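Colleague: Below is the file work-v2.cif, which contains mmCIF, C-alpha atoms.
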data_start
loop_
_atom_site.group_PDB
_atom_site.id
_atom_site.type_symbol
_atom_site.label_atom_id
_atom_site.label_comp_id
_atom_site.auth_asym_id
_atom_site.auth_seq_id
_atom_site.Cartn_x
_atom_site.Cartn_y
_atom_site.Cartn_z
ATOM 1 C CA MET X 257 10.576 -14.920 139.113
ATOM 2 C CA THR X 258 7.673 -16.762 137.603
ATOM 3 C CA ARG X 259 4.497 -15.242 139.001
ATOM 4 C CA LEU X 260 3.844 -11.527 138.631
ATOM 5 C CA GLY X 261 1.068 -9.163 139.629
ATOM 6 C CA VAL X 262 0.433 -6.723 136.792
ATOM 7 C CA VAL X 263 -1.283 -3.356 137.281
ATOM 8 C CA SER X 264 -1.688 -0.149 135.305
ATOM 9 C CA ASP X 265 -3.471 3.181 135.305
ATOM 10 C CA ILE X 266 -3.687 3.632 139.073
ATOM 11 C CA HIS X 267 -4.647 7.285 138.576
ATOM 12 C CA ALA X 268 -4.174 8.298 142.211
ATOM 13 C CA ASN X 269 -7.124 6.157 143.320
ATOM 14 C CA LEU X 270 -5.885 4.831 146.655
ATOM 15 C CA HIS X 271 -9.116 3.003 147.471
ATOM 16 C CA ALA X 272 -8.873 0.976 144.260
ATOM 17 C CA LEU X 273 -5.136 0.432 144.678
ATOM 18 C CA ASP X 274 -5.552 -0.866 148.217
ATOM 19 C CA ALA X 275 -8.172 -3.367 147.026
ATOM 20 C CA ALA X 276 -5.905 -4.448 144.164
ATOM 21 C CA LEU X 277 -2.851 -4.927 146.361
ATOM 22 C CA GLU X 278 -4.848 -6.700 149.067
ATOM 23 C CA PHE X 279 -5.991 -9.230 146.479
ATOM 24 C CA LEU X 280 -2.589 -9.587 144.840
ATOM 25 C CA ALA X 281 -0.996 -10.225 148.246
ATOM 26 C CA THR X 282 -2.927 -13.534 148.305
ATOM 27 C CA GLN X 283 -1.584 -14.681 144.926
ATOM 28 C CA ASP X 284 1.864 -15.998 145.910
ATOM 29 C CA LEU X 285 3.658 -13.488 143.711
ATOM 30 C CA ASP X 286 7.349 -13.088 143.038
ATOM 31 C CA GLY X 287 7.055 -9.442 142.002
ATOM 32 C CA TYR X 288 4.996 -6.799 140.240
ATOM 33 C CA LEU X 289 4.829 -4.958 136.945
ATOM 34 C CA CYS X 290 3.205 -1.541 136.618
ATOM 35 C CA ALA X 291 2.498 -0.057 133.178
ATOM 36 C CA GLY X 292 2.308 3.539 134.366
ATOM 37 C CA ASP X 293 -0.125 6.389 135.036
ATOM 38 C CA LEU X 294 0.247 6.370 138.789
ATOM 39 C CA VAL X 295 -1.223 9.884 138.987
ATOM 40 C CA GLY X 296 -3.870 12.023 137.293
ATOM 41 C CA TYR X 297 -7.645 12.143 137.900
ATOM 42 C CA GLY X 298 -7.561 10.813 141.473
ATOM 43 C CA PRO X 299 -7.201 12.396 144.923
ATOM 44 C CA PHE X 300 -4.139 10.555 146.313
ATOM 45 C CA PRO X 301 -1.157 11.046 143.969
ATOM 46 C CA ASN X 302 1.619 11.040 146.576
ATOM 47 C CA GLU X 303 0.214 8.051 148.430
ATOM 48 C CA CYS X 304 -0.212 6.001 145.260
ATOM 49 C CA VAL X 305 3.278 6.775 143.983
ATOM 50 C CA ARG X 306 4.778 5.600 147.251
ATOM 51 C CA ARG X 307 2.511 2.564 147.568
ATOM 52 C CA VAL X 308 3.394 1.250 144.111
ATOM 53 C CA LEU X 309 7.081 2.122 144.108
ATOM 54 C CA ASP X 310 7.612 0.633 147.564
ATOM 55 C CA LEU X 311 6.647 -2.729 146.083
ATOM 56 C CA PRO X 312 9.190 -5.069 144.501
ATOM 57 C CA ALA X 313 7.919 -3.635 141.226
ATOM 58 C CA THR X 314 9.213 -2.810 137.780
ATOM 59 C CA CYS X 315 7.355 0.308 136.657
ATOM 60 C CA VAL X 316 7.320 2.660 133.665
ATOM 61 C CA ALA X 317 6.035 6.204 133.295
ATOM 62 C CA GLY X 318 2.642 6.844 131.736
ATOM 63 C CA ASN X 319 1.497 9.920 129.875
ATOM 64 C CA HIS X 320 -0.228 11.377 132.955
ATOM 65 C CA ASP X 321 2.938 10.913 134.999
ATOM 66 C CA LEU X 322 4.907 12.756 132.322
ATOM 67 C CA ILE X 323 2.350 15.570 132.076
ATOM 68 C CA ALA X 324 2.361 15.991 135.872
ATOM 69 C CA LEU X 325 6.142 16.370 135.690
ATOM 70 C CA GLY X 326 5.949 18.902 132.864
ATOM 71 C CA ARG X 327 7.718 16.566 130.442
ATOM 72 C CA LEU X 328 4.730 16.151 128.132
ATOM 73 C CA SER X 329 2.120 18.623 126.931
ATOM 74 C CA ASP X 330 -1.489 18.363 128.097
ATOM 75 C CA GLU X 331 -2.833 19.568 124.741
ATOM 76 C CA ARG X 332 -4.366 16.167 123.994
ATOM 77 C CA CYS X 333 -6.209 16.051 127.311
ATOM 78 C CA ILE X 334 -9.874 16.780 127.879
ATOM 79 C CA PRO X 335 -10.660 19.462 130.508
ATOM 80 C CA LEU X 336 -11.272 16.821 133.191
ATOM 81 C CA ALA X 337 -7.786 15.386 132.745
ATOM 82 C CA ARG X 338 -6.153 18.789 132.310
ATOM 83 C CA ASP X 339 -7.740 20.232 135.457
ATOM 84 C CA SER X 340 -6.902 17.187 137.565
ATOM 85 C CA LEU X 341 -3.300 17.268 136.385
ATOM 86 C CA ARG X 342 -3.030 20.957 137.237
ATOM 87 C CA TRP X 343 -4.182 20.085 140.768
ATOM 88 C CA THR X 344 -1.825 17.091 140.866
ATOM 89 C CA ARG X 345 1.156 19.291 140.011
ATOM 90 C CA SER X 346 0.223 21.626 142.861
ATOM 91 C CA VAL X 347 0.180 18.853 145.506
ATOM 92 C CA LEU X 348 2.879 16.484 144.261
ATOM 93 C CA ASP X 349 5.597 16.408 146.909
ATOM 94 C CA ASP X 350 9.332 16.312 146.264
ATOM 95 C CA ASP X 351 9.700 12.620 147.056
ATOM 96 C CA ALA X 352 6.881 11.531 144.747
ATOM 97 C CA ARG X 353 8.106 13.838 142.010
ATOM 98 C CA ALA X 354 11.648 12.450 142.211
ATOM 99 C CA ARG X 355 10.399 8.886 142.100
ATOM 100 C CA LEU X 356 8.245 9.585 139.052
ATOM 101 C CA GLU X 357 11.168 11.335 137.359
ATOM 102 C CA ALA X 358 13.245 8.173 137.731
ATOM 103 C CA LEU X 359 10.771 5.974 135.847
ATOM 104 C CA PRO X 360 11.789 4.855 132.348
ATOM 105 C CA LEU X 361 9.474 5.078 129.341
ATOM 106 C CA GLY X 362 10.024 1.398 128.612
ATOM 107 C CA VAL X 363 11.902 -1.527 130.083
ATOM 108 C CA THR X 364 12.397 -5.249 129.597
ATOM 109 C CA ALA X 365 12.175 -7.357 132.748
ATOM 110 C CA HIS X 366 11.630 -11.095 133.270
ATOM 111 C CA GLY X 367 11.653 -11.458 129.482
ATOM 112 C CA ILE X 368 8.693 -9.060 129.200
ATOM 113 C CA ALA X 369 8.664 -5.701 127.424
ATOM 114 C CA LEU X 370 6.786 -3.139 129.533
ATOM 115 C CA HIS X 371 5.442 0.164 128.178
ATOM 116 C CA HIS X 372 2.471 2.434 128.870
ATOM 117 C CA GLY X 373 1.177 3.081 125.351
ATOM 118 C CA ALA X 374 2.635 1.786 122.127
ATOM 119 C CA PRO X 375 6.405 1.294 122.443
ATOM 120 C CA GLY X 376 8.013 4.656 121.807
ATOM 121 C CA ASP X 377 4.833 6.696 122.357
ATOM 122 C CA PRO X 378 3.109 6.656 125.781
ATOM 123 C CA GLN X 379 0.128 8.536 124.318
ATOM 124 C CA GLN X 380 -0.639 6.076 121.518
ATOM 125 C CA TYR X 381 -3.449 3.612 122.141
ATOM 126 C CA VAL X 382 -3.119 -0.034 121.158
ATOM 127 C CA VAL X 383 -6.645 -1.422 120.887
ATOM 128 C CA SER X 384 -7.219 -3.203 117.580
ATOM 129 C CA ASP X 385 -5.636 -6.436 116.464
ATOM 130 C CA ALA X 386 -3.815 -4.535 113.716
ATOM 131 C CA GLU X 387 -2.332 -2.059 116.209
ATOM 132 C CA ALA X 388 -1.239 -4.899 118.486
ATOM 133 C CA PHE X 389 0.324 -6.775 115.560
ATOM 134 C CA ALA X 390 2.281 -3.651 114.581
ATOM 135 C CA SER X 391 3.577 -3.212 118.137
ATOM 136 C CA LEU X 392 4.503 -6.892 118.396
ATOM 137 C CA ASP X 393 6.284 -6.817 115.048
ATOM 138 C CA GLU X 394 8.257 -3.758 116.137
ATOM 139 C CA LEU X 395 9.103 -5.492 119.401
ATOM 140 C CA GLY X 396 10.409 -8.458 117.411
ATOM 141 C CA ARG X 397 12.681 -6.153 115.429
ATOM 142 C CA VAL X 398 14.163 -4.286 118.397
ATOM 143 C CA SER X 399 14.061 -7.069 121.012
ATOM 144 C CA PRO X 400 14.374 -10.458 119.301
ATOM 145 C CA GLY X 401 13.346 -13.252 121.609
ATOM 146 C CA VAL X 402 10.953 -11.172 123.737
ATOM 147 C CA ARG X 403 7.485 -12.652 123.259
ATOM 148 C CA ILE X 404 5.360 -10.796 125.817
ATOM 149 C CA LEU X 405 4.463 -7.114 125.560
ATOM 150 C CA VAL X 406 2.595 -5.553 128.502
ATOM 151 C CA LEU X 407 0.861 -2.215 127.933
ATOM 152 C CA GLY X 408 -1.606 0.033 129.737
ATOM 153 C CA HIS X 409 -3.235 3.322 128.687
ATOM 154 C CA THR X 410 -6.482 1.974 127.204
ATOM 155 C CA HIS X 411 -8.054 1.191 130.605
ATOM 156 C CA ARG X 412 -9.330 -2.056 129.058
ATOM 157 C CA PRO X 413 -8.224 -5.619 129.837
ATOM 158 C CA MET X 414 -6.978 -7.204 126.630
ATOM 159 C CA ALA X 415 -4.943 -10.096 125.300
ATOM 160 C CA ILE X 416 -4.037 -10.259 121.605
ATOM 161 C CA GLY X 417 -1.821 -12.964 120.122
ATOM 162 C CA ARG X 418 0.156 -12.392 116.943
ATOM 163 C CA TRP X 419 -1.168 -15.592 115.373
ATOM 164 C CA ARG X 420 -4.479 -16.136 117.165
ATOM 165 C CA GLY X 421 -5.696 -12.522 117.290
ATOM 166 C CA SER X 422 -8.021 -11.380 120.084
ATOM 167 C CA LEU X 423 -7.901 -13.740 123.044
ATOM 168 C CA LEU X 424 -9.678 -11.574 125.638
ATOM 169 C CA ARG X 425 -11.333 -8.173 125.544
ATOM 170 C CA ALA X 426 -12.820 -6.264 128.452
ATOM 171 C CA GLY X 427 -13.611 -9.317 130.561
ATOM 172 C CA THR X 428 -12.149 -11.583 133.201
ATOM 173 C CA GLY X 429 -10.721 -15.047 132.847
ATOM 174 C CA SER X 430 -7.556 -16.875 131.920
ATOM 175 C CA VAL X 431 -5.603 -16.863 128.667
ATOM 176 C CA SER X 432 -3.058 -19.511 127.737
ATOM 177 C CA LEU X 433 0.148 -18.206 126.200
ATOM 178 C CA GLU X 434 1.682 -20.231 123.391
ATOM 179 C CA PRO X 435 5.459 -20.637 123.800
ATOM 180 C CA ASP X 436 6.403 -19.150 120.423
ATOM 181 C CA GLU X 437 3.563 -16.693 119.873
ATOM 182 C CA PRO X 438 4.194 -13.000 120.581
ATOM 183 C CA VAL X 439 1.351 -11.636 122.692
ATOM 184 C CA MET X 440 0.197 -8.221 123.873
ATOM 185 C CA LEU X 441 -1.360 -8.116 127.348
ATOM 186 C CA ASN X 442 -3.117 -5.196 129.041
ATOM 187 C CA PRO X 443 -4.377 -5.656 132.619
ATOM 188 C CA GLY X 444 -6.914 -2.819 132.387
ATOM 189 C CA ALA X 445 -7.099 0.078 134.820
ATOM 190 C CA VAL X 446 -6.893 -0.143 138.587
ATOM 191 C CA GLY X 447 -8.049 3.390 139.263
ATOM 192 C CA GLN X 448 -10.420 4.565 136.547
ATOM 193 C CA SER X 449 -12.824 2.226 134.830
ATOM 194 C CA ARG X 450 -14.099 3.331 131.437
ATOM 195 C CA SER X 451 -16.696 0.596 131.181
ATOM 196 C CA ARG X 452 -20.070 0.434 132.902
ATOM 197 C CA ASP X 453 -18.418 -1.773 135.539
ATOM 198 C CA PRO X 454 -16.505 0.431 138.032
ATOM 199 C CA ARG X 455 -14.312 -2.331 139.457
ATOM 200 C CA ALA X 456 -10.505 -2.262 139.639
ATOM 201 C CA ARG X 457 -8.696 -4.476 137.133
ATOM 202 C CA VAL X 458 -5.513 -6.479 137.687
ATOM 203 C CA MET X 459 -3.746 -9.378 136.023
ATOM 204 C CA VAL X 460 -1.697 -12.266 137.376
ATOM 205 C CA LEU X 461 0.928 -13.496 134.918
ATOM 206 C CA ASP X 462 2.310 -16.971 135.581
ATOM 207 C CA LEU X 463 5.364 -17.366 133.376
ATOM 208 C CA ALA X 464 6.006 -20.960 134.400
ATOM 209 C CA GLN X 465 2.474 -22.083 133.565
ATOM 210 C CA ARG X 466 2.214 -19.590 130.673
ATOM 211 C CA VAL X 467 -1.159 -18.274 131.795
ATOM 212 C CA ALA X 468 -2.427 -14.707 132.196
ATOM 213 C CA THR X 469 -5.444 -14.373 134.485
ATOM 214 C CA PHE X 470 -7.535 -11.211 134.477
ATOM 215 C CA HIS X 471 -9.449 -10.122 137.585
ATOM 216 C CA ALA X 472 -12.041 -7.432 138.423
ATOM 217 C CA LEU X 473 -12.172 -6.307 142.048
ATOM 218 C CA ASP X 474 -14.732 -4.394 144.070
ATOM 219 C CA TYR X 475 -13.548 -1.354 145.989
ATOM 220 C CA ASP X 476 -15.117 1.546 147.877
ATOM 221 C CA VAL X 477 -16.068 3.796 144.971
ATOM 222 C CA ALA X 478 -18.201 6.010 147.211
ATOM 223 C CA ALA X 479 -15.238 6.723 149.499
ATOM 224 C CA CYS X 480 -13.072 7.675 146.520
ATOM 225 C CA ARG X 481 -15.769 10.033 145.255
ATOM 226 C CA GLN X 482 -15.995 11.630 148.683
ATOM 227 C CA ALA X 483 -12.219 12.168 148.744
ATOM 228 C CA LEU X 484 -12.480 13.811 145.309
ATOM 229 C CA ARG X 485 -15.212 16.158 146.569
ATOM 230 C CA GLU X 486 -13.120 17.106 149.592
ATOM 231 C CA ARG X 487 -10.378 18.255 147.223
ATOM 232 C CA ALA X 488 -12.798 20.092 144.953
ATOM 233 C CA LEU X 489 -12.171 17.565 142.182
ATOM 234 C CA PRO X 490 -14.979 16.105 140.030
ATOM 235 C CA PRO X 491 -16.418 13.140 141.972
ATOM 236 C CA ASP X 492 -16.881 11.057 138.823
ATOM 237 C CA SER X 493 -13.181 11.128 137.942
ATOM 238 C CA CYS X 494 -12.735 7.580 139.222
ATOM 239 C CA HIS X 495 -15.338 6.113 136.857
ATOM 240 C CA VAL X 496 -15.832 7.405 133.324
ATOM 241 C CA PRO X 497 -18.099 4.852 131.634
ATOM 242 C CA ARG X 498 -18.463 4.638 127.884
ATOM 243 C CA SER X 499 -21.933 5.192 126.531
ATOM 244 C CA ARG X 500 -24.068 2.129 125.907
ATOM 245 C CA ILE X 501 -24.080 2.992 122.194
ATOM 246 C CA ARG X 502 -20.269 2.835 122.022
ATOM 247 C CA GLU X 503 -20.197 -0.463 123.922
ATOM 248 C CA VAL X 504 -22.711 -2.068 121.559
ATOM 249 C CA ALA X 505 -20.928 -0.681 118.494
ATOM 250 C CA GLY X 506 -17.618 -2.036 119.761
ATOM 251 C CA ALA X 507 -19.087 -5.484 120.425
ATOM 252 C CA LEU X 508 -20.647 -5.602 116.962
ATOM 253 C CA ARG X 509 -17.448 -4.546 115.239
ATOM 254 C CA ARG X 510 -15.431 -7.177 117.077
ATOM 255 C CA ARG X 511 -18.027 -9.845 116.252
ATOM 256 C CA LEU X 512 -17.821 -8.918 112.586
ATOM 257 C CA GLY X 513 -14.048 -9.197 112.708
ATOM 258 C CA GLY X 514 -13.222 -5.521 112.302
ATOM 259 C CA SER X 515 -9.575 -4.822 112.957
ATOM 260 C CA HIS X 516 -9.866 -1.098 113.573
ATOM 261 C CA PRO X 517 -10.391 0.365 117.043
ATOM 262 C CA VAL X 518 -13.987 1.227 117.778
ATOM 263 C CA ALA X 519 -13.435 3.979 120.279
ATOM 264 C CA ARG X 520 -9.826 4.918 119.859
ATOM 265 C CA SER X 521 -9.582 7.047 116.773
ATOM 266 C CA SER X 522 -7.249 10.007 117.096
ATOM 267 C CA LYS X 523 -10.319 12.104 117.811
ATOM 268 C CA GLU X 524 -11.444 9.983 120.733
ATOM 269 C CA SER X 525 -7.920 9.473 121.999
ATOM 270 C CA SER X 526 -7.740 13.209 122.540
ATOM 271 C CA ALA X 527 -11.243 13.158 123.962
ATOM 272 C CA THR X 528 -10.428 10.733 126.765
ATOM 273 C CA GLY X 529 -7.181 12.263 127.896
ATOM 274 C CA GLY X 530 -5.450 8.885 128.341
#
Take the structure from the file and write it as structure tokens.

Modeller:
Amino acid sequence: MTRLGVVSDIHANLHALDAALEFLATQDLDGYLCAGDLVGYGPFPNECVRRVLDLPATCVAGNHDLIALGRLSDERCIPLARDSLRWTRSVLDDDARARLEALPLGVTAHGIALHHGAPGDPQQYVVSDAEAFASLDELGRVSPGVRILVLGHTHRPMAIGRWRGSLLRAGTGSVSLEPDEPVMLNPGAVGQSRSRDPRARVMVLDLAQRVATFHALDYDVAACRQALRERALPPDSCHVPRSRIREVAGALRRRLGGSHPVARSSKESSATGG
């Protein structure tokens, strides 16, 4: 397999997932990778679990998947996440539950290491260059020869090379992968944007050409919000934009070469709920 569709953080948003898969179906793919969080926040957990896991996909469990299964505490979640997960547990059917239970926390496939958060901790964000370097160095110790690490959890598209540093943050476009450089890739979130742009994010990874291409896709946000209302869930769960102040601060810090995460301190990590 040389050409893979990469998705993450579906968050039970079927409208966004349908748009993502419709686009990816046009990309001449050999398979799919999913970096977890199929459920949580959104109104269609069972449908999204089945839709993703019926694909020829390699998938790992995210922190929301684990919380929905009762395998991880929700103590680090904000009320929005905690309440949606309580509802998710109440509607998750036996088939979806069993399929989530079978997901590993991490896996290596096609020469790619796939995890939700930092390897070994699905709740740990990897945002800064320094955090990515640490994860890549650990990957080199435990999986020599694996050069590509795919993560989710942050809801932000990112590419960070071990030697070149930040290659893409929060945008769209293509990134060339150097043959010998370890690289961390994050496709961004399909189902819950945390930027001012509500679109679904996906990535196409061409291993033969050594190119990762990041895409942002329109979907019917209004229909998703209506489905949330019909289930008595907060209608803004599918789009939780950062404040303009945080976006500007993050851009300034990156421009000045800061290596620490702007909006992912331990305090904010607990404030977003993953």

Colleague: Give me the box for region 463-466 of chain X as lines of an AutoDock Vina configuration file, namely the centre and edge lengths in Å to one decimal of a box along x, y and z that holds every listed atom plus 5 Å on each side.

Modeller:
center_x = 4.1
center_y = -19.7
center_z = 132.5
size_x = 13.8
size_y = 14.7
size_z = 13.7

Colleague: Taking into account only C-alpha atoms, which residue in the set X:Val458, X:Phe470, X:Pro375, X:Ser449 is nearest to Ser430 (chain X)?

Modeller: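 For Ser430 (chain X), the nearest of the given residues is X:Phe470.
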
Colleague: Run the PyMOL selection byres ((chain X and resi 284) around 10) mentally over the shown coordinates, then write out the matched residues as a PDB file with C-alpha atoms, in the frame of the given file, using the chain letters and numbers from the document.

Modeller:
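What follows is the written file selection-v9.pdb:
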ATOM      1  CA  ARG X 259       4.497 -15.242 139.001  1.00  0.00           C
ATOM      2  CA  LEU X 260       3.844 -11.527 138.631  1.00  0.00           C
ATOM      3  CA  GLY X 261       1.068  -9.163 139.629  1.00  0.00           C
ATOM      4  CA  LEU X 280      -2.589  -9.587 144.840  1.00  0.00           C
ATOM      5  CA  ALA X 281      -0.996 -10.225 148.246  1.00  0.00           C
ATOM      6  CA  THR X 282      -2.927 -13.534 148.305  1.00  0.00           C
ATOM      7  CA  GLN X 283      -1.584 -14.681 144.926  1.00  0.00           C
ATOM      8  CA  LEU X 285       3.658 -13.488 143.711  1.00  0.00           C
ATOM      9  CA  ASP X 286       7.349 -13.088 143.038  1.00  0.00           C
ATOM     10  CA  GLY X 287       7.055  -9.442 142.002  1.00  0.00           C
ATOM     11  CA  VAL X 460      -1.697 -12.266 137.376  1.00  0.00           C
TER      12      VAL X 460
END

Colleague: With distances taken over only C-alpha atoms, which of X:Ala268, X:Leu489, X:Val305, X:His411 is nearest to Asp339 (chain X)?

Modeller: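 Closest to Asp339 (chain X), using only C-alpha atoms: X:Leu489.
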
Colleague: Could you check the closest approach to Leu463 (chain X) for each of X:Gln379, X:Ser346, X:Ser384, X:Ser432 and tell me which residue wins, using all atoms listed in the file?

Modeller: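 Residue with the minimum atom-to-atom distance to Leu463 (chain X): X:Ser432.
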